[in-house]
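K.L.:
Supplied in structure tokens, the structure appears directly below.
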Amino acid sequence: MPGPDIRELNAQAVRASAEIVSHVTTGDLSKPTPCAGWNLSELLAHMTVQHYGFAAAARGNGADPVVWQTPAPGDDPVAAYAEAVGVVLAAFAEDGVTERQFALPEISTEMTFPGRRAIGFHLVDYVVHGWDVARSVGLPVSLDPSVLAIALKVAEAVPTGAARLAPNAAFAPVIEPPAGADRLDRLDRILMLLGRSPSWPD
């Protein structure tokens, strides 16, 4: 029996992030986020351009640095985010996309990535960034267990070590669970593997 379609699981994660973002108000945009140094406006700008970058990569243009450049926040970042969601999901829905090679220069300029693996990267990003936005504005996060299962596998494969201490590193160092915390739920495990504290901002 074939495994779950990574594109559908990714779409679930992205749509969940869009639902969370839809509740963001203008007054929320200056709020801090779990992404160190970024307020919510800056995080939404990043999330939006990453959708466009991955869409370009799916169509063979990911090596162009312009598609990854984060623009200044616009007048309606919530609407801009919803539009970007539509663009990336349409790109990922194209026939044969999981067999294409994606250029993802923010991960490596030396190699490309099979589409299935690249979409997995995108999925875990939006599981985590959806949580980031939710924490910033005090909303709950609800994701299907199958989405979290795939995201956990991707998070477990993200390299650790000194690279995570470099300026502008994609993820902070792994947060080790406290003693006795052997039954963390999947979302908490994903967050800690990628350097997020599930209890942020405590």
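Chain labels A, B, ... are given in the sequence in which chains occur in the structure tokens; within each chain residues are numbered consecutively from 1, and ligands are likewise numbered from 1 in the order shown.
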Could you give me, as a PyMOL selection string, the residues within 12 Å of A:Ser30, counting only C-alpha atoms and dropping anything in the same chain fewer than 5 positions from it?
P.N.:
chain A and resi 24-25+37-44+73+133+136-137
K.L.:
Could you pull out all residues of chain A with a DSSP call of alpha helix (DSSP H) and give them as a PyMOL selection string?
P.N.:
chain A and resi 6-21+40-58+77-92+115-137+145-157+186-193
K.L.:
Based on the selection just made, write C-alpha atoms of those residues as a compact mmCIF listing (two decimals), in the first residue's frame.
P.N.:
# COMPACT_ATOMS: atom_id res chain seq x y z
CA ILE A 6 3.71 14.25 1.15
CA ARG A 7 1.99 16.94 -0.90
CA GLU A 8 -1.34 16.42 0.86
CA LEU A 9 0.30 16.33 4.29
CA ASN A 10 2.18 19.53 3.45
CA ALA A 11 -1.04 21.15 2.26
CA GLN A 12 -2.67 20.30 5.59
CA ALA A 13 0.18 21.96 7.49
CA VAL A 14 0.14 25.03 5.24
CA ARG A 15 -3.64 25.43 5.41
CA ALA A 16 -3.47 25.13 9.19
CA SER A 17 -0.89 27.93 9.23
CA ALA A 18 -3.15 30.02 6.99
CA GLU A 19 -6.07 29.54 9.36
CA ILE A 20 -3.94 30.73 12.27
CA VAL A 21 -2.61 33.71 10.30
CA LEU A 40 5.14 39.00 13.91
CA SER A 41 5.20 41.30 10.89
CA GLU A 42 8.73 40.17 10.03
CA LEU A 43 7.87 36.52 10.56
CA LEU A 44 4.85 36.76 8.24
CA ALA A 45 7.00 38.41 5.57
CA HIS A 46 9.48 35.54 5.85
CA MET A 47 6.75 32.89 5.72
CA THR A 48 5.23 34.55 2.67
CA VAL A 49 8.41 34.78 0.63
CA GLN A 50 9.38 31.22 1.50
CA HIS A 51 6.18 30.03 -0.17
CA TYR A 52 7.16 31.91 -3.31
CA GLY A 53 10.70 30.57 -3.13
CA PHE A 54 9.56 26.98 -2.83
CA ALA A 55 7.03 27.49 -5.63
CA ALA A 56 9.83 28.80 -7.84
CA ALA A 57 12.01 25.84 -6.87
CA ALA A 58 9.22 23.43 -7.81
CA PRO A 77 0.35 40.90 5.36
CA VAL A 78 -2.51 38.52 6.17
CA ALA A 79 -3.93 38.79 2.65
CA ALA A 80 -0.42 38.55 1.19
CA TYR A 81 0.15 35.35 3.13
CA ALA A 82 -3.12 33.81 1.94
CA GLU A 83 -2.15 34.60 -1.68
CA ALA A 84 1.27 32.99 -1.25
CA VAL A 85 -0.35 29.87 0.19
CA GLY A 86 -2.37 29.47 -2.99
CA VAL A 87 0.73 29.89 -5.16
CA VAL A 88 2.86 27.27 -3.40
CA LEU A 89 0.07 24.71 -3.11
CA ALA A 90 -0.66 25.07 -6.83
CA ALA A 91 3.02 24.60 -7.66
CA PHE A 92 3.28 21.50 -5.49
CA GLY A 115 10.93 17.10 -4.72
CA ARG A 116 9.56 14.70 -2.14
CA ARG A 117 12.35 15.60 0.28
CA ALA A 118 12.08 19.33 -0.44
CA ILE A 119 8.35 19.30 0.24
CA GLY A 120 9.14 17.60 3.55
CA PHE A 121 11.40 20.53 4.42
CA HIS A 122 8.56 22.89 3.59
CA LEU A 123 6.11 20.89 5.70
CA VAL A 124 8.21 21.01 8.86
CA ASP A 125 8.82 24.74 8.38
CA TYR A 126 5.10 25.44 8.37
CA VAL A 127 4.32 23.16 11.26
CA VAL A 128 6.83 25.18 13.28
CA HIS A 129 6.03 28.61 11.85
CA GLY A 130 2.31 27.99 12.28
CA TRP A 131 3.05 27.30 15.93
CA ASP A 132 5.21 30.44 16.10
CA VAL A 133 2.32 32.61 14.94
CA ALA A 134 -0.15 30.83 17.20
CA ARG A 135 2.03 31.37 20.26
CA SER A 136 2.49 35.03 19.39
CA VAL A 137 -1.25 35.68 19.35
CA PRO A 145 -1.16 13.07 13.74
CA SER A 146 -0.02 12.00 10.27
CA VAL A 147 1.31 15.52 9.61
CA LEU A 148 3.17 15.54 12.91
CA ALA A 149 4.59 12.07 12.30
CA ILE A 150 6.20 13.19 9.03
CA ALA A 151 7.34 16.50 10.52
CA LEU A 152 9.01 14.64 13.39
CA LYS A 153 10.97 12.44 10.97
CA VAL A 154 12.17 15.52 9.09
CA ALA A 155 13.08 17.33 12.33
CA GLU A 156 15.07 14.32 13.54
CA ALA A 157 17.14 14.45 10.33
CA ARG A 186 5.07 14.92 18.90
CA LEU A 187 4.68 18.66 18.45
CA ASP A 188 6.76 19.41 21.54
CA ARG A 189 9.45 17.00 20.33
CA ILE A 190 9.54 18.69 16.92
CA LEU A 191 9.82 22.13 18.50
CA MET A 192 12.65 21.11 20.83
CA LEU A 193 14.58 19.36 18.07
K.L.:
What gap, in Å, lies between atom CA of A:Trp68 and atom CA of A:Trp200?
P.N.:
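Atom-to-atom, atom CA of A:Trp68 and atom CA of A:Trp200 are spaced 27.9 Å apart.
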K.L.:
According to DSSP computed on the backbone, where in stretch 76-185 of chain A is there strand (DSSP E)? Give the residues as a PyMOL selection string.
P.N.:
chain A and resi 101-103+112-114
K.L.:
Output N, CA and C atoms of each residue in that selection to a file, as a PDB file, in the first residue's frame.
P.N.:
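To be explicit, this is the file written out as part.pdb:
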ATOM      1  N   GLN A 101      13.929  18.011  -9.266  1.00  0.00           N
ATOM      2  CA  GLN A 101      15.006  18.458  -8.391  1.00  0.00           C
ATOM      3  C   GLN A 101      14.774  19.923  -8.029  1.00  0.00           C
ATOM      4  N   PHE A 102      14.788  20.195  -6.726  1.00  0.00           N
ATOM      5  CA  PHE A 102      14.574  21.559  -6.230  1.00  0.00           C
ATOM      6  C   PHE A 102      15.914  22.179  -5.872  1.00  0.00           C
ATOM      7  N   ALA A 103      16.165  23.382  -6.368  1.00  0.00           N
ATOM      8  CA  ALA A 103      17.304  24.183  -5.890  1.00  0.00           C
ATOM      9  C   ALA A 103      16.824  24.994  -4.693  1.00  0.00           C
ATOM     10  N   THR A 112      21.069  19.939  -5.247  1.00  0.00           N
ATOM     11  CA  THR A 112      19.619  20.097  -5.298  1.00  0.00           C
ATOM     12  C   THR A 112      18.984  18.944  -4.526  1.00  0.00           C
ATOM     13  N   PHE A 113      17.669  19.023  -4.364  1.00  0.00           N
ATOM     14  CA  PHE A 113      16.971  18.063  -3.520  1.00  0.00           C
ATOM     15  C   PHE A 113      15.780  17.469  -4.266  1.00  0.00           C
ATOM     16  N   PRO A 114      15.578  16.151  -4.143  1.00  0.00           N
ATOM     17  CA  PRO A 114      14.390  15.558  -4.765  1.00  0.00           C
ATOM     18  C   PRO A 114      13.122  16.222  -4.239  1.00  0.00           C
TER      19      PRO A 114
END
K.L.:
Residues at most 8 Å from A:Arg196, counting only C-alpha atoms, excluding those fewer than 6 positions away in the same chain, as an NGL selection string?
P.N.:
:A and (34 or 172 or 174-175)
